[in-house]
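K.L.:
Structure file work05.cif, mmCIF, C-alpha atoms and all ligand atoms, is pasted below:
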```cif
data_work
loop_
_atom_site.label_atom_id
_atom_site.label_comp_id
_atom_site.auth_asym_id
_atom_site.auth_seq_id
_atom_site.Cartn_x
_atom_site.Cartn_y
_atom_site.Cartn_z
CA MET A 21 70.68 148.95 121.58
CA THR A 22 72.65 150.70 124.29
CA ALA A 23 74.59 147.78 125.68
CA PHE A 24 76.65 144.92 124.32
CA ARG A 25 78.63 142.07 125.81
CA ARG A 26 82.00 143.10 127.24
CA LEU A 27 85.11 140.94 127.48
CA GLU A 28 85.52 139.31 130.86
CA SER A 29 89.13 140.37 131.28
CA GLN A 30 90.09 144.06 131.23
CA ASP A 31 93.72 143.52 130.40
CA ALA A 32 94.07 140.20 128.56
CA THR A 33 95.16 140.34 124.92
CA VAL A 34 92.19 140.32 122.54
CA ARG A 35 92.55 137.21 120.34
CA VAL A 36 91.19 137.87 116.85
CA ILE A 37 90.63 136.12 113.55
CA GLN A 38 91.06 138.46 110.62
CA VAL A 39 88.96 137.69 107.56
CA GLY A 40 90.29 139.20 104.33
CA ALA A 41 93.98 139.52 103.52
CA GLY A 42 93.90 141.64 100.36
CA SER A 43 95.49 145.05 100.04
CA MET A 44 93.64 146.68 102.96
CA GLY A 45 93.81 143.37 104.86
CA ASN A 46 97.59 143.53 104.78
CA ALA A 47 97.53 147.08 106.11
CA TRP A 48 95.33 145.78 108.95
CA LEU A 49 97.64 142.85 109.68
CA ARG A 50 100.57 145.25 110.06
CA ASN A 51 98.30 147.38 112.27
CA ASP A 52 97.38 144.29 114.35
CA GLN A 53 101.07 143.45 114.72
CA VAL A 54 101.98 146.74 116.39
CA ASN A 55 98.95 146.84 118.70
CA PRO A 56 100.02 145.19 122.00
CA ASP A 57 96.37 144.47 122.91
CA ILE A 58 95.80 142.30 119.82
CA GLU A 59 96.89 138.76 118.97
CA VAL A 60 95.93 137.38 115.55
CA VAL A 61 95.10 133.69 116.08
CA GLY A 62 93.83 132.99 112.58
CA ILE A 63 93.54 134.47 109.09
CA VAL A 64 90.73 133.55 106.69
CA ASP A 65 90.63 134.36 102.99
CA LEU A 66 88.91 132.62 100.06
CA ASN A 67 92.37 132.79 98.49
CA LEU A 68 94.54 130.61 100.73
CA ASP A 69 97.76 132.04 99.28
CA ALA A 70 96.57 135.52 100.28
CA ALA A 71 95.91 134.25 103.82
CA ARG A 72 99.41 132.72 103.99
CA ALA A 73 100.98 135.94 102.69
CA GLY A 74 98.92 137.78 105.32
CA ALA A 75 100.48 135.66 108.07
CA VAL A 76 103.90 136.72 106.78
CA ALA A 77 102.80 140.38 106.71
CA TYR A 78 101.66 139.95 110.32
CA GLY A 79 105.15 138.71 111.16
CA ASP A 80 104.18 135.14 112.15
CA PRO A 81 103.91 132.62 109.29
CA SER A 82 102.77 129.96 111.81
CA VAL A 83 99.38 131.67 112.37
CA PRO A 84 96.64 129.18 111.35
CA VAL A 85 95.02 130.06 108.02
CA GLY A 86 91.94 128.80 106.19
CA THR A 87 89.10 129.52 103.82
CA ASP A 88 86.28 128.62 106.26
CA LEU A 89 85.61 131.15 109.04
CA LEU A 90 83.36 128.93 111.16
CA ALA A 91 85.89 126.07 111.06
CA LEU A 92 88.74 128.37 112.13
CA ILE A 93 86.57 129.84 114.91
CA ALA A 94 85.92 126.31 116.23
CA GLU A 95 89.65 125.54 116.07
CA THR A 96 91.07 128.73 117.60
CA ARG A 97 88.30 130.11 119.88
CA PRO A 98 88.96 133.83 119.26
CA ASP A 99 87.49 136.76 121.22
CA ALA A 100 86.57 138.83 118.15
CA ILE A 101 86.52 139.00 114.35
CA LEU A 102 88.08 141.64 112.09
CA ASP A 103 86.29 141.70 108.70
CA ILE A 104 88.47 143.27 105.99
CA THR A 105 86.80 141.59 103.03
CA VAL A 106 85.05 143.16 100.05
CA PRO A 107 81.68 144.87 100.76
CA VAL A 108 79.54 142.05 99.30
CA ALA A 109 80.95 139.66 101.94
CA HIS A 110 80.37 141.96 104.95
CA HIS A 111 76.78 140.86 105.65
CA PRO A 112 77.29 137.07 105.64
CA ILE A 113 80.59 137.21 107.56
CA THR A 114 79.31 139.60 110.22
CA THR A 115 76.06 137.64 110.65
CA ASP A 116 77.98 134.36 111.07
CA ALA A 117 80.38 135.92 113.57
CA LEU A 118 77.70 137.65 115.69
CA PHE A 119 75.62 134.46 115.91
CA THR A 120 78.70 132.52 116.96
CA GLY A 121 78.84 134.89 119.93
CA LEU A 122 81.68 137.08 118.67
CA PRO A 123 81.93 140.88 118.31
CA VAL A 124 83.01 142.26 114.94
CA LEU A 125 85.10 145.19 113.77
CA GLY A 126 84.50 145.51 110.02
CA GLU A 127 85.90 147.75 107.31
CA LYS A 128 83.55 150.33 105.83
CA PRO A 129 80.95 150.11 104.38
CA ALA A 130 78.84 148.35 107.03
CA ALA A 131 77.40 146.27 104.19
CA GLN A 132 76.71 146.40 100.49
CA THR A 133 73.31 148.11 100.99
CA VAL A 134 71.42 150.01 103.69
CA ALA A 135 68.94 147.08 103.84
CA GLU A 136 71.79 144.69 104.70
CA ALA A 137 73.18 147.17 107.23
CA LEU A 138 69.77 147.31 108.98
CA SER A 139 69.79 143.52 109.12
CA LEU A 140 73.21 143.67 110.81
CA ALA A 141 72.01 146.30 113.31
CA ALA A 142 69.11 143.98 114.23
CA ALA A 143 71.50 140.99 114.41
CA ALA A 144 73.67 142.93 116.86
CA GLU A 145 70.56 143.56 119.00
CA VAL A 146 69.51 139.89 118.92
CA THR A 147 72.96 138.59 119.84
CA GLY A 148 73.99 141.39 122.21
CA GLU A 149 77.37 141.54 120.45
CA LEU A 150 79.16 144.69 119.32
CA PHE A 151 79.35 145.34 115.58
CA MET A 152 81.56 148.35 114.93
CA VAL A 153 82.32 149.71 111.45
CA SER A 154 85.85 151.03 111.06
CA GLN A 155 85.28 154.50 109.65
CA SER A 156 88.98 155.21 109.92
CA ARG A 157 88.97 158.86 108.91
CA ARG A 158 87.15 159.80 112.12
CA TYR A 159 90.38 158.98 113.93
CA ASN A 160 92.18 162.20 113.13
CA ASP A 161 93.12 164.81 115.74
CA GLN A 162 92.82 167.59 113.13
CA LEU A 163 89.20 166.63 112.47
CA VAL A 164 88.55 166.65 116.22
CA ALA A 165 90.02 170.20 116.39
CA PHE A 166 87.92 171.24 113.38
CA ARG A 167 84.80 170.09 115.23
CA GLN A 168 85.88 172.06 118.31
CA GLN A 169 86.25 175.12 116.06
CA ALA A 170 82.77 174.50 114.62
CA ALA A 171 81.40 175.01 118.13
CA LEU A 172 82.81 178.58 118.11
CA LEU A 173 81.05 179.64 114.92
CA GLY A 174 77.51 180.17 116.22
CA ASP A 175 74.67 178.98 114.00
CA LEU A 176 76.19 176.95 111.18
CA GLY A 177 75.08 177.53 107.60
CA THR A 178 77.35 175.91 105.03
CA VAL A 179 79.93 173.12 104.88
CA SER A 180 81.80 172.03 101.77
CA THR A 181 84.35 169.42 100.74
CA GLU A 182 86.40 169.70 97.55
CA PHE A 183 88.04 166.36 96.72
CA ALA A 184 90.43 165.98 93.77
CA LYS A 185 92.70 162.96 93.32
CA ALA A 186 93.95 160.89 90.38
CA PRO A 187 94.82 157.39 91.65
CA HIS A 188 95.33 154.42 89.31
CA PHE A 189 94.26 151.55 91.57
CA GLY A 190 93.67 148.79 89.04
CA GLY A 191 91.50 145.91 90.29
CA PHE A 192 87.81 146.02 91.28
CA ARG A 193 87.51 149.82 91.51
CA ASP A 194 88.27 150.31 87.81
CA GLU A 195 85.21 148.24 86.90
CA MET A 196 82.65 149.11 89.59
CA ASP A 197 79.53 151.26 89.11
CA ASN A 198 79.45 154.64 90.90
CA VAL A 199 83.04 154.15 92.00
CA LEU A 200 83.56 157.56 93.65
CA LEU A 201 80.24 157.63 95.52
CA LEU A 202 80.36 153.99 96.60
CA ASP A 203 84.01 153.49 97.44
CA MET A 204 85.22 156.93 98.53
CA ALA A 205 82.47 159.44 99.32
CA ILE A 206 81.34 157.58 102.43
CA HIS A 207 84.46 158.95 104.19
CA PRO A 208 83.58 162.68 103.93
CA PHE A 209 79.87 161.87 104.30
CA ASP A 210 80.62 160.17 107.61
CA SER A 211 83.03 162.93 108.63
CA VAL A 212 80.46 165.69 108.07
CA ARG A 213 78.00 163.89 110.37
CA TYR A 214 80.74 163.75 112.99
CA LEU A 215 81.61 167.42 112.42
CA LEU A 216 78.04 168.72 112.65
CA GLU A 217 76.74 166.15 115.16
CA ARG A 218 73.58 166.17 113.05
CA ASP A 219 72.00 163.86 110.53
CA PRO A 220 71.02 164.44 106.89
CA ILE A 221 67.50 165.17 105.66
CA SER A 222 67.79 165.13 101.85
CA VAL A 223 70.22 165.18 98.92
CA TYR A 224 70.39 166.27 95.31
CA CYS A 225 73.27 164.70 93.40
CA ASP A 226 74.72 164.54 89.90
CA SER A 227 77.54 162.21 88.90
CA TYR A 228 79.51 161.87 85.68
CA ASN A 229 82.63 160.40 84.13
CA PRO A 230 85.13 162.89 82.62
CA SER A 231 86.14 161.99 79.04
CA TRP A 232 89.70 161.03 80.10
CA SER A 233 88.55 158.85 83.03
CA TRP A 234 90.26 155.48 83.40
CA TYR A 235 87.32 154.18 85.46
CA ARG A 236 84.31 152.40 83.92
CA GLY A 237 81.85 153.85 86.45
CA ASP A 238 81.32 157.54 87.27
CA ALA A 239 84.50 158.91 88.86
CA ALA A 240 83.16 162.39 89.65
CA ALA A 241 80.13 163.70 91.53
CA SER A 242 78.58 166.85 93.00
CA ALA A 243 76.02 166.57 95.80
CA VAL A 244 74.13 169.02 98.02
CA PHE A 245 72.78 167.61 101.30
CA GLU A 246 70.38 169.39 103.63
CA PHE A 247 71.12 168.60 107.28
CA GLU A 248 69.01 169.04 110.39
CA GLY A 249 68.78 172.74 111.21
CA GLY A 250 68.84 173.74 107.52
CA ILE A 251 72.63 173.42 107.16
CA ARG A 252 73.76 172.67 103.60
CA TYR A 253 76.69 170.34 102.91
CA THR A 254 78.18 170.46 99.40
CA TYR A 255 80.47 167.69 98.15
CA ASN A 256 82.39 168.13 94.91
CA GLY A 257 84.69 165.21 94.16
CA SER A 258 86.69 163.59 91.39
CA TRP A 259 88.93 160.56 91.24
CA CYS A 260 90.46 161.50 87.89
CA ALA A 261 91.58 165.08 88.59
CA PRO A 262 95.37 165.20 88.06
CA GLY A 263 97.29 168.29 89.14
CA LEU A 264 96.93 170.43 92.28
CA GLU A 265 95.33 167.48 94.06
CA THR A 266 93.68 167.89 97.44
CA SER A 267 94.54 165.73 100.43
CA TRP A 268 92.83 162.34 100.76
CA ASN A 269 90.48 163.96 103.30
CA GLY A 270 89.61 166.73 100.82
CA ALA A 271 89.61 170.50 101.44
CA TRP A 272 86.90 171.67 103.86
CA ARG A 273 85.21 175.02 104.55
CA LEU A 274 82.71 175.60 107.34
CA SER A 275 80.76 178.85 107.70
CA GLY A 276 78.66 180.07 110.61
CA ALA A 277 77.10 183.29 111.89
CA ALA A 278 80.20 184.13 113.93
CA GLY A 279 83.00 183.10 111.56
CA SER A 280 84.50 180.39 109.36
CA ALA A 281 86.95 177.50 109.59
CA LEU A 282 89.11 175.82 106.95
CA TRP A 283 90.75 172.40 106.94
CA ASP A 284 92.96 171.20 104.10
CA GLY A 285 92.76 167.63 105.38
CA ASP A 286 96.49 167.31 106.06
CA ASN A 287 97.31 170.16 108.47
CA ALA A 288 95.85 171.81 111.55
CA PRO A 289 92.54 173.54 110.70
CA LEU A 290 92.31 177.35 110.67
CA VAL A 291 89.51 179.40 112.19
CA GLU A 292 88.52 183.05 112.12
CA VAL A 293 85.91 184.15 114.63
CA VAL A 294 84.51 187.68 114.18
CA ASP A 295 84.49 188.53 117.90
CA GLY A 296 86.90 186.13 119.59
CA ASP A 297 90.30 184.50 119.34
CA GLY A 298 89.13 181.10 118.05
CA SER A 299 91.46 179.08 120.25
CA VAL A 300 90.42 175.60 121.37
CA ASP A 301 91.79 173.34 124.12
CA ALA A 302 94.02 170.47 122.98
CA LEU A 303 92.32 167.14 123.71
CA GLY A 304 93.93 163.73 124.13
CA SER A 305 94.77 162.03 120.83
CA VAL A 306 92.13 159.79 119.23
CA GLY A 307 94.84 157.92 117.32
CA ASP A 308 95.37 157.85 113.62
CA GLY A 309 93.23 155.99 111.06
CA ILE A 310 92.84 152.22 111.49
CA ALA A 311 95.16 152.28 114.53
CA GLY A 312 92.63 154.58 116.20
CA SER A 313 89.62 152.47 115.28
CA LEU A 314 91.28 149.23 116.45
CA ALA A 315 92.16 150.87 119.79
CA ALA A 316 88.56 152.16 120.10
CA PHE A 317 87.21 148.64 119.44
CA VAL A 318 89.40 147.15 122.18
CA HIS A 319 88.42 149.95 124.57
CA ALA A 320 84.72 149.37 123.81
CA LEU A 321 84.98 145.61 124.41
CA ARG A 322 86.74 146.18 127.73
CA THR A 323 84.58 149.03 129.06
CA GLY A 324 81.20 148.74 127.33
CA THR A 325 81.57 152.31 126.01
CA VAL A 326 79.70 152.66 122.72
CA PRO A 327 82.36 153.45 120.09
CA ASP A 328 82.18 155.69 117.04
CA GLY A 329 81.16 153.46 114.16
CA GLU A 330 78.82 151.21 116.21
CA VAL A 331 76.53 149.94 113.47
CA HIS A 332 73.38 151.84 114.51
CA GLY A 333 75.25 155.16 114.45
CA ASN A 334 77.00 154.29 111.19
CA VAL A 335 74.05 153.31 108.98
CA MET A 336 73.14 156.94 108.21
CA SER A 337 76.52 157.46 106.49
CA LEU A 338 75.76 154.57 104.14
CA ALA A 339 72.24 155.97 103.66
CA MET A 340 73.84 159.21 102.41
CA VAL A 341 75.70 157.24 99.73
CA GLU A 342 72.62 155.29 98.68
CA ALA A 343 70.48 158.45 98.59
CA ALA A 344 73.07 160.30 96.47
CA ILE A 345 73.15 157.43 93.96
CA GLU A 346 69.35 157.28 93.82
CA SER A 347 69.22 161.05 93.27
CA LYS A 348 71.61 161.02 90.32
CA ASP A 349 69.83 157.96 88.84
CA ARG A 350 66.37 159.58 89.07
CA GLY A 351 67.39 163.22 88.61
CA VAL A 352 65.41 164.34 91.67
CA LYS A 353 66.00 165.37 95.27
CA ILE A 354 65.81 162.35 97.58
CA LEU A 355 64.64 162.32 101.19
CA ILE A 356 66.87 160.25 103.48
CA ASP A 357 63.78 159.01 105.37
CA ASP A 358 62.43 157.55 102.11
CA VAL A 359 65.71 155.71 101.58
CA LEU A 360 65.54 154.34 105.12
CA GLU A 361 61.91 153.23 104.74
CA ARG A 362 62.58 151.47 101.43
CA ALA A 363 65.67 149.80 102.91
CA TYR A 364 63.64 148.70 105.93
CA ALA A 365 60.94 147.16 103.71
CA LYS A 366 63.63 145.38 101.70
CA ALA A 367 65.37 144.16 104.86
CA LEU A 368 62.08 142.66 106.11
CA ALA A 369 61.32 141.07 102.74
CA THR A 370 64.75 139.51 102.24
CA GLU A 371 65.81 138.58 105.79
CA LYS A 372 66.63 134.87 105.99
CA ARG A 373 66.75 134.60 109.81
CA ASP A 374 63.43 134.56 111.71
CA ASP A 375 65.01 136.04 114.86
CA VAL A 376 66.52 138.99 112.97
CA ARG A 377 63.25 139.61 111.08
CA ALA A 378 61.31 139.59 114.37
CA GLN A 379 63.77 142.11 115.79
CA LEU A 380 63.37 144.37 112.76
CA GLU A 381 59.59 144.10 113.12
CA SER A 382 59.86 145.31 116.73
CA TRP A 383 61.31 148.67 115.61
CA THR A 384 58.78 151.51 115.80
CA SER A 385 60.73 153.62 113.28
CA VAL A 386 64.08 153.21 111.54
CA ARG A 387 65.39 156.62 112.62
CA ALA A 388 64.42 155.93 116.23
CA ALA A 389 66.06 152.50 116.11
CA LEU A 390 69.26 153.97 114.70
CA GLN A 391 69.32 156.73 117.29
CA GLY A 392 69.17 154.17 120.09
CA VAL A 393 72.95 154.41 120.16
CA ALA A 394 74.87 157.69 120.37
CA VAL A 395 76.51 158.79 117.13
CA ASP A 396 79.63 159.77 119.01
CA ALA A 397 80.39 158.49 122.46
CA ARG A 398 84.09 159.16 122.38
N1 LIG A 401 89.39 152.77 105.26
C1 LIG A 401 90.00 152.93 104.11
O1 LIG A 401 90.62 153.96 103.86
C2 LIG A 401 89.92 151.81 103.09
C3 LIG A 401 90.83 151.78 102.04
C4 LIG A 401 90.76 150.71 101.15
C5 LIG A 401 89.79 149.71 101.30
N2 LIG A 401 88.89 149.79 102.33
C6 LIG A 401 87.85 148.76 102.52
O2 LIG A 401 88.50 147.55 102.89
C7 LIG A 401 87.76 146.43 102.39
C8 LIG A 401 88.73 145.52 101.61
O3 LIG A 401 89.24 146.25 100.50
P1 LIG A 401 90.59 145.78 99.75
O4 LIG A 401 91.04 146.95 98.96
O5 LIG A 401 91.54 145.15 100.72
O6 LIG A 401 90.00 144.65 98.76
P2 LIG A 401 90.86 143.44 98.11
O7 LIG A 401 90.05 142.97 96.95
O8 LIG A 401 92.28 143.86 97.89
O9 LIG A 401 90.89 142.31 99.25
C9 LIG A 401 89.73 141.65 99.71
C10 LIG A 401 90.12 140.26 100.18
O10 LIG A 401 88.97 139.65 100.75
C11 LIG A 401 88.93 138.28 100.31
N3 LIG A 401 87.53 137.82 100.37
C12 LIG A 401 86.49 138.22 99.60
N4 LIG A 401 85.36 137.59 100.00
C13 LIG A 401 85.69 136.80 101.05
C14 LIG A 401 84.96 135.92 101.88
N5 LIG A 401 83.65 135.71 101.71
N6 LIG A 401 85.63 135.23 102.85
C15 LIG A 401 86.95 135.43 103.02
N7 LIG A 401 87.71 136.25 102.24
C16 LIG A 401 87.08 136.93 101.29
C17 LIG A 401 89.48 138.32 98.89
O11 LIG A 401 89.93 137.04 98.50
C18 LIG A 401 90.60 139.35 99.03
O12 LIG A 401 91.83 138.74 99.40
C19 LIG A 401 86.61 147.00 101.56
O13 LIG A 401 85.43 147.01 102.33
C20 LIG A 401 87.07 148.43 101.26
O14 LIG A 401 85.99 149.33 101.08
C21 LIG A 401 88.96 150.81 103.24
#
```
Show me this structure written as structure tokens.

P.N.:
Amino acid sequence: MTAFRRLESQDATVRVIQVGAGSMGNAWLRNDQVNPDIEVVGIVDLNLDAARAGAVAYGDPSVPVGTDLLALIAETRPDAILDITVPVAHHPITTDALFTGLPVLGEKPAAQTVAEALSLAAAAEVTGELFMVSQSRRYNDQLVAFRQQAALLGDLGTVSTEFAKAPHFGGFRDEMDNVLLLDMAIHPFDSVRYLLERDPISVYCDSYNPSWSWYRGDAAASAVFEFEGGIRYTYNGSWCAPGLETSWNGAWRLSGAAGSALWDGDNAPLVEVVDGDGSVDALGSVGDGIAGSLAAFVHALRTGTVPDGEVHGNVMSLAMVEAAIESKDRGVKILIDDVLERAYAKALATEKRDDVRAQLESWTSVRAALQGVAVDAR
């Protein structure tokens, strides 16, 4: 899929319904409020009180609220949907929205599983609507500079991320399986694909729960990915590592034939090139976090430019998570292509819509279908 439906007007405010008004939903509503291109015309949440509180957070308690997305779409006729619900709800909400003729910007992950994400990629093709996943950590000028530095290092060999935090969230994360890999690791996994502009081949992963962990599921993991070109990416993370914590982006090291670069995740990255000065040109800002992804979504709808996070380009980041979990469960190295093929078979077997299944069947290979859209068109 290389094209999707654009908005007719280039400068009219984009009228959105936001689904999901929990903790991240409230952050989004405040983000919506300060974006002059966005008008929230409805808020949907299964918990009506949360939707009402969301309207207050947005700064307009008169915004229509409800528990039924299709009913509120019929009532308010929005231009687009923002899906900030829990992962299990991403597939049904996005499918409903796309088949109502509306583009979707959804929180990560694209869906609960790679199989569901493939179904959504096919649904976007059938409907011709944009489905963009908000992978907010890509919107970081320091990461952009780090990628520019990577281009100075010659052949790349090794990338690593050390992640150490100790947050007490409470709520669903304390009880979920594979909490670090499922809820957090997708951020650096997606960032390394952006950094290298390459896709993963395989992974070996181990995960564990330190004795003092306050999470039920494994809160720590170590993974080694092989990327195209033989580059190795090592991730070493823990969500119950108090003291000397890293930034939320983690601490990064990148090594190549001509030098190395370091990024602590909070400050400008450093580079040392053996024969050169390592300077890079300052580029225009990509914005910061969810503000950047919302602006990119609006820009994409107005111009037809494929944004970072378009579902086809995003699925591989979720595949990295699923492959890492399969590896630690089975104790063996896992090929990403095997994960994609199994997900594809599951998507075909479980798809409820005939039109989406027919679209999936038309794919000659999953990798080829996913590469139909540029990973980074910024
Ligand atoms: N980008 C980031 O840094 C970041 C940070 C935190 C959370 N997230 C993501 O944001 C999403 C939401 O996380 P959260 O922490 O706000 O969760 P949350 O549990 O605080 O809120 C989710 C809300 O969605 C509502 N909801 C659930 N199913 C629904 C449905 N079918 N229809 C309508 N409403 C529904 C719930 O009632 C709840 O109010 C998740 O996908 C999560 O991974 C991203």

K.L.:
Could you tell me how far atom C7 of ligand LIG 401 (chain A) sits from CA of Ala141 (chain A), in Å to one decimal place?

P.N.:
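A separation of 19.2 Å between them.
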
K.L.:
Quick one: distance from CA of Ser180 (chain A) to CA of Leu274 (chain A) in Å, one decimal?

P.N.:
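Interatomic distance here is 6.7 Å.
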
K.L.:
How many Å lie between CA of Phe189 (chain A) and CA of Leu66 (chain A), rounded to one decimal?

P.N.:
21.4 Å

K.L.:
So which residues touch Lys372 (chain A) within 10 Å, counting all atoms listed in the file, skipping near sequence neighbours fewer than 5 positions away, as a ChimeraX atom specification?

P.N.:
/A:139,367,377

K.L.:
Can I get the residues of chain A within 6 Å of ligand LIG 401 (chain A), each with the closest pair of atoms and their distance in Å to one decimal, using all atoms listed in the file, sorted chain first then ascending number, as a Markdown table?

P.N.:
```
| residue | atom | partner | partner_atom | distance |
| --- | --- | --- | --- | --- |
| A:Val39 | CA | A:LIG401 | C15 | 5.5 |
| A:Gly40 | CA | A:LIG401 | O10 | 3.8 |
| A:Ala41 | CA | A:LIG401 | O12 | 4.7 |
| A:Gly42 | CA | A:LIG401 | O9 | 3.3 |
| A:Ser43 | CA | A:LIG401 | O5 | 4.0 |
| A:Met44 | CA | A:LIG401 | O5 | 3.4 |
| A:Gly45 | CA | A:LIG401 | O5 | 5.0 |
| A:Val64 | CA | A:LIG401 | C15 | 5.6 |
| A:Asp65 | CA | A:LIG401 | N7 | 3.6 |
| A:Leu66 | CA | A:LIG401 | N7 | 4.4 |
| A:Asn67 | CA | A:LIG401 | O11 | 4.9 |
| A:Ala70 | CA | A:LIG401 | O12 | 5.8 |
| A:Ile104 | CA | A:LIG401 | C7 | 4.8 |
| A:Thr105 | CA | A:LIG401 | O10 | 3.7 |
| A:Val106 | CA | A:LIG401 | C19 | 4.4 |
| A:Pro107 | CA | A:LIG401 | O13 | 4.6 |
| A:Ala109 | CA | A:LIG401 | N5 | 4.8 |
| A:Glu127 | CA | A:LIG401 | O13 | 5.1 |
| A:Lys128 | CA | A:LIG401 | O13 | 5.2 |
| A:Pro129 | CA | A:LIG401 | O13 | 5.8 |
| A:Ser156 | CA | A:LIG401 | N1 | 5.3 |
| A:Asp203 | CA | A:LIG401 | O14 | 5.9 |
```

K.L.:
Which residue, A:Val331, A:Ala73, A:Leu264, A:Ala378, has the smallest gap to Ala130 (chain A) when you use only C-alpha atoms?

P.N.:
A:Val331

K.L.:
Which residues are close to Val83 (chain A), i.e. within 12 Å by all atoms listed in the file, leaving aside same-chain residues fewer than 3 positions away? Reply as a ChimeraX atom specification.

P.N.:
/A:35-38,49,59-64,71-80,86,92,96

K.L.:
Could region 291-305 of chain A be completed with N, CA and C atoms and returned as an mmCIF file, keeping the file's coordinate frame?

P.N.:
```
data_model
loop_
_atom_site.group_PDB
_atom_site.id
_atom_site.type_symbol
_atom_site.label_atom_id
_atom_site.label_comp_id
_atom_site.auth_asym_id
_atom_site.auth_seq_id
_atom_site.Cartn_x
_atom_site.Cartn_y
_atom_site.Cartn_z
ATOM 1 N N VAL A 291 90.829 178.847 111.884
ATOM 2 C CA VAL A 291 89.510 179.400 112.190
ATOM 3 C C VAL A 291 89.620 180.910 112.320
ATOM 4 N N GLU A 292 88.587 181.613 111.899
ATOM 5 C CA GLU A 292 88.520 183.050 112.120
ATOM 6 C C GLU A 292 87.140 183.345 112.700
ATOM 7 N N VAL A 293 87.160 183.825 113.954
ATOM 8 C CA VAL A 293 85.910 184.150 114.630
ATOM 9 C C VAL A 293 85.807 185.672 114.674
ATOM 10 N N VAL A 294 84.637 186.223 114.304
ATOM 11 C CA VAL A 294 84.510 187.680 114.180
ATOM 12 C C VAL A 294 84.820 188.372 115.498
ATOM 13 N N ASP A 295 84.216 187.911 116.590
ATOM 14 C CA ASP A 295 84.490 188.530 117.900
ATOM 15 C C ASP A 295 85.058 187.492 118.847
ATOM 16 N N GLY A 296 86.305 187.126 118.701
ATOM 17 C CA GLY A 296 86.900 186.130 119.590
ATOM 18 C C GLY A 296 88.220 185.671 119.013
ATOM 19 N N ASP A 297 88.974 184.898 119.823
ATOM 20 C CA ASP A 297 90.300 184.500 119.340
ATOM 21 C C ASP A 297 90.299 183.135 118.659
ATOM 22 N N GLY A 298 89.230 182.365 118.786
ATOM 23 C CA GLY A 298 89.130 181.100 118.050
ATOM 24 C C GLY A 298 89.981 179.980 118.595
ATOM 25 N N SER A 299 90.603 180.171 119.762
ATOM 26 C CA SER A 299 91.460 179.080 120.250
ATOM 27 C C SER A 299 90.619 177.971 120.885
ATOM 28 N N VAL A 300 91.108 176.743 120.777
ATOM 29 C CA VAL A 300 90.420 175.600 121.370
ATOM 30 C C VAL A 300 91.420 174.829 122.228
ATOM 31 N N ASP A 301 90.913 174.123 123.258
ATOM 32 C CA ASP A 301 91.790 173.340 124.120
ATOM 33 C C ASP A 301 92.246 172.077 123.395
ATOM 34 N N ALA A 302 93.530 171.723 123.566
ATOM 35 C CA ALA A 302 94.020 170.470 122.980
ATOM 36 C C ALA A 302 93.424 169.306 123.768
ATOM 37 N N LEU A 303 92.879 168.329 123.061
ATOM 38 C CA LEU A 303 92.320 167.140 123.710
ATOM 39 C C LEU A 303 93.318 165.993 123.570
ATOM 40 N N GLY A 304 93.084 164.911 124.295
ATOM 41 C CA GLY A 304 93.930 163.730 124.130
ATOM 42 C C GLY A 304 93.772 163.179 122.717
ATOM 43 N N SER A 305 94.815 162.528 122.208
ATOM 44 C CA SER A 305 94.770 162.030 120.830
ATOM 45 C C SER A 305 93.749 160.898 120.686
#
```
